[in-house]
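The file query.txt comes next; it holds compact mmCIF, C-alpha atoms.
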```txt
# COMPACT_ATOMS: atom_id res chain seq x y z
CA MET A 1 39.77 77.72 104.57
CA CYS A 2 40.45 81.31 105.58
CA LEU A 3 42.20 82.16 102.33
CA GLY A 4 39.56 84.28 100.68
CA VAL A 5 40.13 84.92 97.01
CA PRO A 6 39.57 88.36 95.45
CA GLY A 7 37.31 88.32 92.42
CA LYS A 8 35.30 90.71 90.24
CA ILE A 9 31.51 90.58 90.21
CA ILE A 10 30.45 90.30 86.56
CA GLU A 11 26.76 89.44 86.87
CA ILE A 12 24.16 89.67 89.64
CA ASP A 13 21.16 87.34 89.88
CA ASP A 14 18.33 88.63 92.08
CA SER A 15 15.79 86.05 90.99
CA LYS A 16 16.51 83.36 93.59
CA ALA A 17 15.84 83.24 97.33
CA LEU A 18 19.50 84.11 97.95
CA LYS A 19 21.20 86.90 96.01
CA MET A 20 23.82 85.27 93.81
CA ALA A 21 26.54 86.58 91.51
CA LYS A 22 28.99 85.37 88.90
CA VAL A 23 32.48 86.22 90.06
CA ASP A 24 35.57 86.29 87.84
CA PHE A 25 38.81 85.13 89.49
CA GLY A 26 41.37 86.07 86.85
CA GLY A 27 39.55 84.17 84.12
CA ILE A 28 37.85 81.46 86.18
CA VAL A 29 34.18 82.27 86.75
CA ARG A 30 32.29 80.82 89.73
CA GLU A 31 28.95 81.44 91.32
CA ALA A 32 28.94 83.00 94.79
CA CYS A 33 26.31 84.16 97.27
CA ILE A 34 26.36 87.95 97.77
CA GLU A 35 23.61 88.07 100.38
CA TYR A 36 26.06 89.58 102.93
CA VAL A 37 27.17 92.44 100.65
CA PRO A 38 23.78 93.81 99.53
CA GLU A 39 25.43 97.01 98.28
CA ALA A 40 27.51 95.10 95.70
CA ASN A 41 27.41 96.22 92.07
CA VAL A 42 28.66 94.65 88.87
CA GLY A 43 32.34 95.61 88.55
CA ASP A 44 33.03 95.56 92.30
CA TYR A 45 35.81 93.39 93.68
CA THR A 46 34.99 91.12 96.58
CA VAL A 47 36.64 88.54 98.83
CA ILE A 48 34.97 85.15 98.49
CA HIS A 49 35.03 82.52 101.22
CA VAL A 50 33.54 79.07 100.79
CA GLY A 51 31.14 80.46 98.19
CA PHE A 52 30.16 83.65 100.02
CA ALA A 53 31.24 87.26 99.52
CA ILE A 54 32.26 88.52 102.96
CA SER A 55 33.70 91.90 102.06
CA LEU A 56 33.85 94.36 99.18
CA LEU A 57 37.39 95.56 98.41
CA SER A 58 37.97 99.28 98.61
CA GLU A 59 39.99 100.58 95.67
CA GLU A 60 40.60 103.84 97.52
CA GLU A 61 42.03 102.12 100.62
CA ALA A 62 44.08 99.77 98.45
CA GLN A 63 45.71 102.66 96.57
CA ALA A 64 46.28 104.66 99.75
CA SER A 65 48.12 101.86 101.53
CA LEU A 66 50.20 100.97 98.46
CA GLU A 67 51.15 104.63 98.17
CA THR A 68 52.22 104.77 101.84
CA LEU A 69 54.38 101.68 101.42
CA ARG A 70 55.99 103.07 98.26
CA GLU A 71 56.82 106.27 100.12
CA ILE A 72 58.46 104.30 102.94
CA VAL A 73 60.53 102.32 100.45
CA ASP A 74 61.52 105.42 98.43
CA LEU A 75 62.62 107.20 101.59
CA GLU A 76 64.71 104.18 102.55
CA ASP A 77 66.43 104.32 99.15
CA GLU A 78 67.10 108.05 99.35
CA LEU A 79 68.59 107.80 102.82
CA GLY A 80 70.52 104.69 101.84
CA ILE A 81 69.60 102.82 104.99
CA GLY A 82 68.98 99.44 103.41
CA TYR A 83 69.30 96.03 104.91
CA ASP A 84 71.12 93.30 103.10
CA GLY A 85 68.38 90.68 103.31
CA LYS A 86 68.95 87.04 102.57
CA SER A 87 67.46 85.89 99.29
CA ALA A 88 64.20 84.04 99.00
CA ASP A 89 61.72 83.47 96.24
CA LEU A 90 59.08 86.09 96.46
CA MET B 1 45.27 89.44 88.82
CA LYS B 2 44.07 92.66 90.42
CA TYR B 3 44.45 92.83 94.22
CA VAL B 4 46.98 89.97 94.02
CA ALA B 5 49.87 90.91 91.69
CA GLU B 6 50.59 94.30 93.26
CA TYR B 7 50.84 92.66 96.70
CA ARG B 8 53.50 90.23 95.44
CA ASP B 9 55.82 92.98 94.17
CA ALA B 10 59.18 91.58 95.34
CA GLU B 11 60.92 94.95 95.26
CA LEU B 12 58.30 96.57 97.46
CA VAL B 13 58.32 93.60 99.85
CA ARG B 14 62.12 93.85 100.17
CA GLY B 15 61.79 97.59 100.75
CA VAL B 16 59.36 97.04 103.64
CA ILE B 17 61.67 94.34 105.07
CA ASP B 18 64.53 96.91 104.88
CA GLU B 19 62.35 99.31 106.84
CA ILE B 20 61.66 96.60 109.45
CA ALA B 21 65.42 95.96 109.69
CA SER B 22 66.25 99.61 110.16
CA THR B 23 63.50 100.02 112.79
CA VAL B 24 64.26 97.00 114.94
CA THR B 25 66.77 97.32 117.80
CA ARG B 26 65.82 94.33 119.96
CA ASP B 27 64.43 90.81 119.74
CA TRP B 28 60.66 90.55 119.25
CA THR B 29 58.41 87.50 118.99
CA LEU B 30 55.28 87.92 116.88
CA MET B 31 52.48 85.47 116.21
CA GLU B 32 50.40 85.21 113.07
CA ILE B 33 47.03 83.85 114.17
CA CYS B 34 45.92 82.43 110.88
CA GLY B 35 47.27 79.22 109.38
CA GLY B 36 46.71 80.65 105.90
CA GLN B 37 49.24 83.33 106.81
CA THR B 38 51.64 80.69 108.19
CA HIS B 39 51.62 79.00 104.80
CA ALA B 40 52.11 82.30 102.95
CA ILE B 41 55.03 83.21 105.24
CA VAL B 42 56.83 79.90 104.77
CA ARG B 43 55.96 79.58 101.07
CA HIS B 44 57.35 83.02 100.20
CA GLY B 45 60.33 82.65 102.53
CA ILE B 46 59.36 85.72 104.56
CA ASP B 47 60.55 84.01 107.78
CA GLN B 48 64.01 83.71 106.23
CA LEU B 49 64.11 87.25 104.85
CA LEU B 50 63.31 88.96 108.13
CA PRO B 51 66.12 90.30 110.33
CA ASP B 52 67.22 87.84 113.01
CA GLU B 53 65.63 89.94 115.74
CA ILE B 54 62.13 89.03 114.54
CA GLU B 55 60.83 85.59 115.33
CA LEU B 56 57.46 84.46 114.01
CA VAL B 57 55.58 81.81 115.95
CA HIS B 58 52.50 80.22 114.50
CA GLY B 59 49.04 80.50 115.94
CA PRO B 60 45.96 78.34 116.40
CA GLY B 61 44.10 79.62 113.31
CA CYS B 62 43.81 76.31 111.53
CA PRO B 63 40.17 75.21 111.72
CA VAL B 64 40.66 71.52 111.08
CA CYS B 65 43.63 71.43 113.50
CA VAL B 66 41.61 72.62 116.48
CA THR B 67 38.43 70.67 115.75
CA PRO B 68 38.24 68.38 118.80
CA LEU B 69 38.77 64.68 118.40
CA GLU B 70 35.37 63.89 119.96
CA GLN B 71 33.67 65.90 117.26
CA ILE B 72 35.68 64.20 114.50
CA ASP B 73 34.89 60.75 115.92
CA ARG B 74 31.21 61.74 116.15
CA ALA B 75 31.30 62.89 112.51
CA LEU B 76 32.95 59.63 111.48
CA ALA B 77 30.27 57.62 113.32
CA ILE B 78 27.50 59.55 111.55
CA ALA B 79 29.24 59.33 108.15
CA ALA B 80 29.47 55.54 108.52
CA LYS B 81 25.70 55.14 108.97
CA PRO B 82 23.64 53.90 106.00
CA ASP B 83 21.61 56.36 103.90
CA ILE B 84 23.83 59.29 104.89
CA ILE B 85 25.55 61.60 102.45
CA PHE B 86 28.29 63.22 104.51
CA CYS B 87 29.60 66.54 103.16
CA SER B 88 32.75 68.30 104.28
CA TYR B 89 35.30 70.91 103.31
CA GLY B 90 38.13 69.03 101.58
CA ASP B 91 40.71 69.75 104.25
CA MET B 92 38.87 67.62 106.78
CA LEU B 93 39.01 64.33 104.87
CA ARG B 94 42.47 63.23 105.91
CA VAL B 95 42.34 64.54 109.48
CA PRO B 96 42.89 61.60 111.79
CA GLY B 97 40.18 60.67 114.27
CA SER B 98 40.89 58.12 117.01
CA SER B 99 41.06 55.24 114.58
CA ASP B 100 39.80 56.40 111.16
CA ASP B 101 39.48 59.41 108.91
CA LEU B 102 36.73 60.40 106.45
CA PHE B 103 38.72 58.90 103.57
CA SER B 104 38.66 55.49 105.19
CA ILE B 105 34.90 55.78 105.75
CA ARG B 106 34.57 56.50 102.03
CA ALA B 107 36.87 53.59 101.14
CA ALA B 108 34.62 51.34 103.26
CA GLY B 109 31.59 52.36 101.14
CA GLY B 110 30.37 55.49 102.94
CA ASP B 111 29.06 58.34 100.79
CA VAL B 112 31.50 61.11 101.78
CA ARG B 113 31.63 64.14 99.50
CA VAL B 114 33.84 67.21 99.37
CA VAL B 115 31.96 70.44 98.89
CA TYR B 116 33.37 73.90 98.18
CA SER B 117 30.49 75.69 99.88
CA PRO B 118 27.84 74.53 102.37
CA LEU B 119 25.22 75.68 99.84
CA ASP B 120 26.44 72.78 97.67
CA ALA B 121 25.51 70.45 100.53
CA VAL B 122 22.04 72.02 100.71
CA ASN B 123 21.60 71.39 96.97
CA ILE B 124 22.69 67.77 97.43
CA ALA B 125 19.97 67.46 100.12
CA LYS B 126 17.39 68.92 97.71
CA ASP B 127 18.41 66.46 94.98
CA ASN B 128 18.44 63.42 97.30
CA PRO B 129 15.20 63.55 99.32
CA ASP B 130 15.50 59.88 100.31
CA LYS B 131 18.93 60.43 101.96
CA GLU B 132 20.04 62.36 105.01
CA VAL B 133 22.66 64.97 104.16
CA VAL B 134 24.99 66.00 106.97
CA PHE B 135 27.50 68.84 106.63
CA PHE B 136 30.54 69.16 108.91
CA ALA B 137 30.29 72.87 109.83
CA ILE B 138 33.72 73.68 111.19
CA GLY B 139 35.80 76.81 111.16
CA PHE B 140 36.49 80.19 112.69
CA GLU B 141 34.47 83.37 112.19
CA THR B 142 35.24 83.28 108.44
CA THR B 143 33.18 80.22 107.56
CA ALA B 144 30.36 81.00 110.01
CA PRO B 145 28.41 83.28 107.62
CA ALA B 146 28.33 80.51 105.01
CA ASN B 147 27.50 77.75 107.47
CA VAL B 148 24.59 79.61 109.10
CA MET B 149 23.19 80.63 105.72
CA SER B 150 23.10 76.97 104.70
CA VAL B 151 20.75 76.29 107.64
CA LEU B 152 18.51 79.25 106.82
CA SER B 153 18.48 78.26 103.17
CA ALA B 154 17.49 74.66 103.99
CA GLN B 155 14.77 76.04 106.28
CA MET B 156 13.44 78.35 103.54
CA MET B 157 13.41 75.43 101.09
CA GLY B 158 11.48 73.29 103.60
CA LEU B 159 14.17 70.59 103.59
CA LYS B 160 13.82 67.96 106.32
CA ASN B 161 16.93 65.99 105.38
CA TYR B 162 19.71 68.58 105.94
CA SER B 163 21.62 68.95 109.19
CA ILE B 164 25.04 70.13 110.36
CA ILE B 165 27.59 69.06 112.96
CA VAL B 166 28.82 72.34 114.37
CA SER B 167 32.36 72.76 115.62
CA HIS B 168 32.88 76.50 115.42
CA VAL B 169 35.56 78.46 117.26
CA ARG B 170 36.35 82.16 117.69
CA VAL B 171 39.69 83.97 117.79
CA PRO B 172 39.36 86.41 120.76
CA PRO B 173 38.96 83.73 123.50
CA ALA B 174 42.05 81.93 122.13
CA LEU B 175 44.07 85.15 122.46
CA HIS B 176 43.22 85.22 126.16
CA VAL B 177 44.54 81.65 126.55
CA ILE B 178 47.78 82.40 124.69
CA LEU B 179 48.43 85.72 126.41
CA GLY B 180 47.34 84.48 129.84
CA SER B 181 49.73 81.50 129.79
CA PRO B 182 52.78 81.78 132.09
CA HIS B 183 54.83 80.39 129.18
CA ASN B 184 53.67 83.00 126.68
CA ARG B 185 56.40 84.53 124.51
CA VAL B 186 54.20 86.43 122.05
CA GLN B 187 54.73 90.21 122.12
CA GLY B 188 52.68 91.24 119.10
CA PHE B 189 50.02 89.77 116.83
CA LEU B 190 49.22 89.66 113.14
CA LEU B 191 45.44 89.39 113.40
CA ALA B 192 43.61 87.24 110.86
CA GLY B 193 42.44 89.56 108.07
CA HIS B 194 39.44 87.59 106.95
CA VAL B 195 38.18 86.84 110.46
CA CYS B 196 38.21 90.63 110.89
CA ALA B 197 36.53 91.15 107.49
CA VAL B 198 33.53 89.35 108.98
CA MET B 199 33.71 90.43 112.64
CA GLY B 200 35.47 93.79 112.41
CA TYR B 201 38.10 94.49 115.05
CA TRP B 202 36.08 96.07 117.85
CA GLU B 203 36.72 93.01 120.05
CA TYR B 204 40.51 93.46 120.10
CA PRO B 205 41.43 96.86 121.64
CA GLU B 206 40.41 95.65 125.10
CA ILE B 207 42.57 92.50 124.77
CA ALA B 208 45.54 94.52 123.50
CA LYS B 209 45.23 96.91 126.43
CA GLN B 210 44.72 94.16 129.03
CA TYR B 211 47.95 92.37 128.09
CA GLY B 212 49.92 95.34 126.73
CA VAL B 213 50.37 93.69 123.35
CA PRO B 214 50.11 95.53 119.99
CA MET B 215 48.24 94.00 117.07
CA ALA B 216 47.88 94.60 113.34
CA ILE B 217 45.05 93.33 111.16
CA THR B 218 46.92 91.59 108.39
CA GLY B 219 46.11 90.26 104.93
CA PHE B 220 47.46 87.23 103.12
CA GLU B 221 49.77 88.39 100.34
CA PRO B 222 53.52 88.85 101.02
CA LEU B 223 53.25 92.66 101.04
CA ASP B 224 50.29 92.48 103.45
CA ILE B 225 52.25 90.25 105.81
CA VAL B 226 55.41 92.37 105.94
CA GLN B 227 53.22 95.44 106.38
CA GLY B 228 51.58 93.78 109.42
CA ILE B 229 55.01 92.89 110.82
CA LEU B 230 56.25 96.47 110.30
CA ALA B 231 53.18 97.85 112.10
CA ASN B 232 53.93 95.58 115.08
CA VAL B 233 57.67 96.36 115.16
CA LYS B 234 57.10 100.12 114.99
CA GLN B 235 54.69 99.93 117.93
CA LEU B 236 56.93 97.64 119.98
CA GLU B 237 60.02 99.82 119.43
CA ALA B 238 58.04 102.94 120.37
CA GLY B 239 56.39 101.27 123.37
CA ARG B 240 52.92 101.78 121.90
CA VAL B 241 49.99 99.40 122.21
CA ASP B 242 47.40 99.90 119.48
CA ILE B 243 45.37 97.99 116.96
CA GLU B 244 46.49 98.97 113.47
CA ASN B 245 44.55 98.07 110.38
CA SER B 246 47.16 96.93 107.84
CA TYR B 247 44.47 95.42 105.60
CA PRO B 248 42.09 98.36 105.14
CA ARG B 249 41.06 97.41 101.60
CA ALA B 250 39.07 94.47 103.03
CA VAL B 251 38.51 95.21 106.72
CA THR B 252 36.58 97.90 108.57
CA PHE B 253 36.30 98.45 112.34
CA ASP B 254 32.68 97.25 112.38
CA GLY B 255 33.12 94.34 109.98
CA ASN B 256 30.27 92.84 108.00
CA LYS B 257 27.13 93.68 110.00
CA PRO B 258 24.64 91.61 107.94
CA ALA B 259 26.89 88.56 108.44
CA GLN B 260 27.25 89.21 112.17
CA LYS B 261 23.46 89.56 112.53
CA THR B 262 22.82 86.30 110.70
CA ILE B 263 25.40 84.42 112.80
CA GLU B 264 23.72 85.80 115.93
CA LYS B 265 20.33 84.60 114.71
CA VAL B 266 21.43 80.99 114.18
CA PHE B 267 24.34 80.45 116.61
CA ARG B 268 24.92 81.20 120.26
CA GLU B 269 28.20 81.24 122.16
CA CYS B 270 29.24 78.09 124.01
CA ASP B 271 32.23 76.50 125.73
CA ARG B 272 34.30 74.65 123.15
CA LYS B 273 37.11 72.15 123.37
CA TRP B 274 40.09 72.88 121.08
CA ARG B 275 42.15 69.91 119.94
CA GLY B 276 45.50 69.91 121.72
CA ILE B 277 44.61 72.95 123.82
CA GLY B 278 41.58 71.96 125.91
CA THR B 279 38.27 73.58 126.71
CA ILE B 280 38.17 77.37 126.36
CA PRO B 281 35.12 78.97 128.00
CA MET B 282 32.69 80.63 125.59
CA SER B 283 35.12 80.16 122.72
CA GLY B 284 32.73 78.49 120.31
CA TRP B 285 29.41 78.74 118.60
CA GLU B 286 26.62 76.17 118.58
CA LEU B 287 23.18 76.07 116.96
CA ARG B 288 20.44 77.80 118.93
CA PRO B 289 17.81 75.34 120.25
CA GLU B 290 15.20 76.63 117.77
CA PHE B 291 17.37 75.09 115.03
CA ASP B 292 17.47 71.61 116.67
CA ALA B 293 15.88 70.16 113.53
CA PHE B 294 19.11 71.04 111.70
CA ASN B 295 21.43 69.80 114.47
CA ALA B 296 23.00 66.48 113.40
CA GLU B 297 24.16 65.77 116.94
CA LYS B 298 20.51 65.83 118.10
CA ARG B 299 19.27 63.84 115.14
CA PHE B 300 21.77 60.98 115.09
CA ASP B 301 22.58 59.04 118.24
CA VAL B 302 26.12 57.72 118.04
CA GLY B 303 26.44 56.61 121.68
CA ASP B 304 29.46 57.34 123.86
CA ILE B 305 32.57 58.59 122.09
CA LYS B 306 35.87 57.37 123.53
CA THR B 307 38.82 59.17 122.03
CA GLU B 308 42.45 58.23 121.71
CA GLU B 309 45.07 60.81 120.74
CA SER B 310 48.59 60.03 119.48
CA SER B 311 51.00 60.32 122.42
CA LEU B 312 53.81 61.57 120.15
CA CYS B 313 52.01 64.57 118.64
CA ILE B 314 52.81 68.03 120.10
CA ALA B 315 50.26 69.89 117.95
CA GLY B 316 48.73 71.51 121.04
CA GLU B 317 51.96 73.30 121.94
CA ILE B 318 52.55 74.27 118.31
CA LEU B 319 49.05 75.75 118.03
CA GLN B 320 49.73 77.96 121.07
CA GLY B 321 53.05 79.19 119.70
CA LEU B 322 55.03 77.42 122.46
CA LYS B 323 56.87 75.14 120.04
CA LYS B 324 57.69 74.98 116.33
CA PRO B 325 56.94 71.98 114.10
CA ASN B 326 60.62 71.03 113.86
CA ASP B 327 60.84 70.85 117.66
CA CYS B 328 58.73 67.69 117.43
CA PRO B 329 60.72 64.41 117.43
CA ALA B 330 58.08 62.80 115.20
CA PHE B 331 58.16 65.62 112.58
CA GLY B 332 59.15 64.24 109.18
CA ARG B 333 59.74 60.80 110.69
CA GLU B 334 56.68 59.03 112.16
CA CYS B 335 54.56 62.03 111.12
CA ILE B 336 54.41 62.99 107.43
CA PRO B 337 51.51 64.33 105.31
CA GLU B 338 50.76 60.84 103.95
CA ASN B 339 50.62 59.42 107.48
CA PRO B 340 49.82 62.32 109.82
CA LEU B 341 49.73 61.91 113.60
CA GLY B 342 48.00 65.24 114.06
CA ALA B 343 45.84 67.58 112.03
CA THR B 344 48.58 70.23 111.80
CA MET B 345 50.42 67.90 109.38
CA VAL B 346 47.34 67.54 107.16
CA SER B 347 45.74 70.87 106.66
CA THR B 348 46.69 73.49 104.09
CA GLU B 349 46.57 75.79 107.11
CA GLY B 350 48.57 73.57 109.47
CA ALA B 351 52.02 74.76 110.56
CA CYS B 352 53.57 71.27 110.35
CA ALA B 353 52.29 70.81 106.80
CA ALA B 354 53.77 74.21 105.83
CA TYR B 355 57.18 73.37 107.34
CA TYR B 356 57.22 69.95 105.67
CA ARG B 357 56.07 71.18 102.28
CA TYR B 358 58.47 74.10 102.08
CA GLY B 359 61.48 72.32 103.46
CA ARG B 360 61.73 73.68 107.00
CA ASN B 361 62.35 70.14 108.17
CA LEU B 362 65.74 70.82 109.66
CA SER B 363 66.37 71.99 113.22
CA THR B 364 65.07 75.35 114.49
CA ASP B 365 68.55 76.84 114.19
```
Show this structure as structure tokens.
Amino acid sequence: MCLGVPGKIIEIDDSKALKMAKVDFGGIVREACIEYVPEANVGDYTVIHVGFAISLLSEEEAQASLETLREIVDLEDELGIGYDGKSADL
Amino acid sequence: MKYVAEYRDAELVRGVIDEIASTVTRDWTLMEICGGQTHAIVRHGIDQLLPDEIELVHGPGCPVCVTPLEQIDRALAIAAKPDIIFCSYGDMLRVPGSSDDLFSIRAAGGDVRVVYSPLDAVNIAKDNPDKEVVFFAIGFETTAPANVMSVLSAQMMGLKNYSIIVSHVRVPPALHVILGSPHNRVQGFLLAGHVCAVMGYWEYPEIAKQYGVPMAITGFEPLDIVQGILANVKQLEAGRVDIENSYPRAVTFDGNKPAQKTIEKVFRECDRKWRGIGTIPMSGWELRPEFDAFNAEKRFDVGDIKTEESSLCIAGEILQGLKKPNDCPAFGRECIPENPLGATMVSTEGACAAYYRYGRNLSTD
């Protein structure tokens, strides 16, 4: 129930009592209520929970944290301080 | 898929796990609050990839698991009445009440329907004016925005045949119970990312400070989870107690203000019983009295509810991180997903269901 799914807003419908949008989840399109993210635009990515957008995803923050993690991992490699982890299917 | 694939990059995940391993010097016990994270951890084998020093215990963040038996029995009694269309999130259908579940009500001729969103239930009410439509509004802070909007939407549409049974709970009061217990082992928390997407994380610094426990707001993909673990381990090793936001692409300090305002308009805080844990003061939400017309508990008298819980089930201790599913003598024997003794074996967010599904059905060692 708490697993929100990220999707891309592809169409916004202002004509009804609640602001609705068509959201594309990697090819599957569903309708969702975007009343709680009034600033949403077509093309934005959002997390959808039980039919409601609860948050817009920040591309900037996403890139920044991925970059930080890549730096940590690169530094690990350079210093050769790895850990021989057990295998699992990631 | 954007915002999914890059967070499942196995090489990057292993790199972060290497960093955890080279940071850790002592044993630490961390809890992920959210059952969705429990499933992700077990599904991707993150618990088995971590260095032995890190133990993950599983938290109470499984909405159907903590919905109290009284409320389930009350829902079942309402669902069994004639001329009712009973709507619920799918996870709830197999959750055992004292003697029945929603599936058995449906098998006996009740009109029980699974909806994806509470707005679907409102539309069913609009399309069936001669029936009463009742929605089982359960969940943590994540489903609250949807559930309250269903009430406002029904009100705007002038519907007289839509009502909800509310059984809402909130994370912060549960943290006080876990951390205040003399048996507590949890030294750091992975906070539930989507609860924080709605509520922000302004409620947590005080709790972290009070108990001296670091926390990291954590997302749901493997890379998010190991990032949250790393944030905890770094703080613990350095003796720091902070709230770190390891899920900044979706969560801000303030959270979603329009959603918080709408929740506040429709719900008020109340004492709430948690299944297996007991009553936690001011840990829940209920409908404000001005929304009595939409309160199924006020509209349908079901008499006294006498509950009966399985004596074998240890879900309460599992939900507080005191025990693991495979510590339970009934796990995988009397209690299996097809015949669950407790809700934790049913839900896609239940720890027992995760352990059973992904083969952690051997001993803890």
Quiz item: Counting only C-alpha atoms, which of A:Ser15, A:Thr46, A:Asn41, A:Ser58 gets nearest to chain B?
Solution: A:Ser58
Practice problem: Find the distance between CA of Asp47 in chain B and CA of Asp91 in chain B and write it in Å to one decimal. | Solution: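 These atoms are spaced 24.7 Å apart.
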Quiz prompt | Spatial neighbours of Lys261 in chain B, max dist 10 Å, only C-alpha atoms, sep filter under 5 positions, as JSON, numbers by chain | solution = {"A": [36], "B": [145, 256, 266]}
Practice problem: Select all residues from chain B having any atom no more than 8 Å from an atom of chain A (counting only C-alpha atoms, ignoring ligands), output as a PyMOL selection string. | Solution: chain B and resi 1-4+8-10+12+14-19+21-22+34+36+44-46+48-51+63+116-119+139+142-143+145-146+153+194-195+197-198+220+222+248-251+256+258-259+349
Can those selected residues be exported to a file as a PDB file, keeping the file's coordinate frame so that it contains C-alpha atoms?
```pdb
ATOM      1  CA  MET B   1      45.270  89.440  88.820  1.00  0.00           C
ATOM      2  CA  LYS B   2      44.070  92.660  90.420  1.00  0.00           C
ATOM      3  CA  TYR B   3      44.450  92.830  94.220  1.00  0.00           C
ATOM      4  CA  VAL B   4      46.980  89.970  94.020  1.00  0.00           C
ATOM      5  CA  ARG B   8      53.500  90.230  95.440  1.00  0.00           C
ATOM      6  CA  ASP B   9      55.820  92.980  94.170  1.00  0.00           C
ATOM      7  CA  ALA B  10      59.180  91.580  95.340  1.00  0.00           C
ATOM      8  CA  LEU B  12      58.300  96.570  97.460  1.00  0.00           C
ATOM      9  CA  ARG B  14      62.120  93.850 100.170  1.00  0.00           C
ATOM     10  CA  GLY B  15      61.790  97.590 100.750  1.00  0.00           C
ATOM     11  CA  VAL B  16      59.360  97.040 103.640  1.00  0.00           C
ATOM     12  CA  ILE B  17      61.670  94.340 105.070  1.00  0.00           C
ATOM     13  CA  ASP B  18      64.530  96.910 104.880  1.00  0.00           C
ATOM     14  CA  GLU B  19      62.350  99.310 106.840  1.00  0.00           C
ATOM     15  CA  ALA B  21      65.420  95.960 109.690  1.00  0.00           C
ATOM     16  CA  SER B  22      66.250  99.610 110.160  1.00  0.00           C
ATOM     17  CA  CYS B  34      45.920  82.430 110.880  1.00  0.00           C
ATOM     18  CA  GLY B  36      46.710  80.650 105.900  1.00  0.00           C
ATOM     19  CA  HIS B  44      57.350  83.020 100.200  1.00  0.00           C
ATOM     20  CA  GLY B  45      60.330  82.650 102.530  1.00  0.00           C
ATOM     21  CA  ILE B  46      59.360  85.720 104.560  1.00  0.00           C
ATOM     22  CA  GLN B  48      64.010  83.710 106.230  1.00  0.00           C
ATOM     23  CA  LEU B  49      64.110  87.250 104.850  1.00  0.00           C
ATOM     24  CA  LEU B  50      63.310  88.960 108.130  1.00  0.00           C
ATOM     25  CA  PRO B  51      66.120  90.300 110.330  1.00  0.00           C
ATOM     26  CA  PRO B  63      40.170  75.210 111.720  1.00  0.00           C
ATOM     27  CA  TYR B 116      33.370  73.900  98.180  1.00  0.00           C
ATOM     28  CA  SER B 117      30.490  75.690  99.880  1.00  0.00           C
ATOM     29  CA  PRO B 118      27.840  74.530 102.370  1.00  0.00           C
ATOM     30  CA  LEU B 119      25.220  75.680  99.840  1.00  0.00           C
ATOM     31  CA  GLY B 139      35.800  76.810 111.160  1.00  0.00           C
ATOM     32  CA  THR B 142      35.240  83.280 108.440  1.00  0.00           C
ATOM     33  CA  THR B 143      33.180  80.220 107.560  1.00  0.00           C
ATOM     34  CA  PRO B 145      28.410  83.280 107.620  1.00  0.00           C
ATOM     35  CA  ALA B 146      28.330  80.510 105.010  1.00  0.00           C
ATOM     36  CA  SER B 153      18.480  78.260 103.170  1.00  0.00           C
ATOM     37  CA  HIS B 194      39.440  87.590 106.950  1.00  0.00           C
ATOM     38  CA  VAL B 195      38.180  86.840 110.460  1.00  0.00           C
ATOM     39  CA  ALA B 197      36.530  91.150 107.490  1.00  0.00           C
ATOM     40  CA  VAL B 198      33.530  89.350 108.980  1.00  0.00           C
ATOM     41  CA  PHE B 220      47.460  87.230 103.120  1.00  0.00           C
ATOM     42  CA  PRO B 222      53.520  88.850 101.020  1.00  0.00           C
ATOM     43  CA  PRO B 248      42.090  98.360 105.140  1.00  0.00           C
ATOM     44  CA  ARG B 249      41.060  97.410 101.600  1.00  0.00           C
ATOM     45  CA  ALA B 250      39.070  94.470 103.030  1.00  0.00           C
ATOM     46  CA  VAL B 251      38.510  95.210 106.720  1.00  0.00           C
ATOM     47  CA  ASN B 256      30.270  92.840 108.000  1.00  0.00           C
ATOM     48  CA  PRO B 258      24.640  91.610 107.940  1.00  0.00           C
ATOM     49  CA  ALA B 259      26.890  88.560 108.440  1.00  0.00           C
ATOM     50  CA  GLU B 349      46.570  75.790 107.110  1.00  0.00           C
TER      51      GLU B 349
END
```
Practice problem: Quick one: pull the distance between CA of Ala192 in chain B and CA of Met215 in chain B, Å, one decimal. | Solution: 10.3 Å
Practice problem: Write out as a ChimeraX atom specification the residues lying within 9 Å of Ser98 in chain B, counting only C-alpha atoms and excluding same-chain residues fewer than 4 positions away. | Solution: /B:69-70,72-73,306-310
Practice problem: Rank nothing, just name the residue among B:Glu297, B:Gln227, B:Leu30, B:Ala154 nearest to Thr68 in chain A, using all atoms listed in the file. | Solution: B:Gln227
Quiz prompt | Coordinates-based distance that separates CA of Asp111 in chain B from CA of Tyr162 in chain B (Å, one decimal) | solution =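 Atom-to-atom, CA of Tyr162 in chain B and CA of Asp111 in chain B are spaced 14.8 Å apart.
Excluding Arg275 in chain B itself and same-chain residues fewer than 5 positions from it, the residues having an atom within 6 Å of it are Val66, Thr67 and Pro68 of chain B, counting only C-alpha atoms.
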Exercise. Please provide the set of residues having any atom within 8 Å of Gly342 in chain B, restricted to all atoms listed in the file, with same-chain residues fewer than 2 positions apart removed, written as a ChimeraX atom specification.
Key: /B:65,95-96,310,313,315,335,340,344-346
Exercise. Would you list the contacts of Val42 in chain A as a list of chain:residue names, taking every protein, DNA or RNA residue within 12 Å and counting all atoms listed in the file, but skipping same-chain residues closer than 5 positions in sequence?
Key: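 What passes the distance filter is A:Gly7, A:Lys8, A:Ile9, A:Ile10, A:Glu11, A:Ile12, A:Asp13, A:Met20, A:Ala21, A:Lys22, A:Val23, A:Asp24, A:Ile34, A:Leu56.
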Exercise. Have a look at B:Gly35, B:Gly110, B:Gly228, B:Gly332 and name the one nearest to His58 in chain B; count all atoms listed in the file.
Key: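 Of all the options, B:Gly35 lies closest to His58 in chain B.
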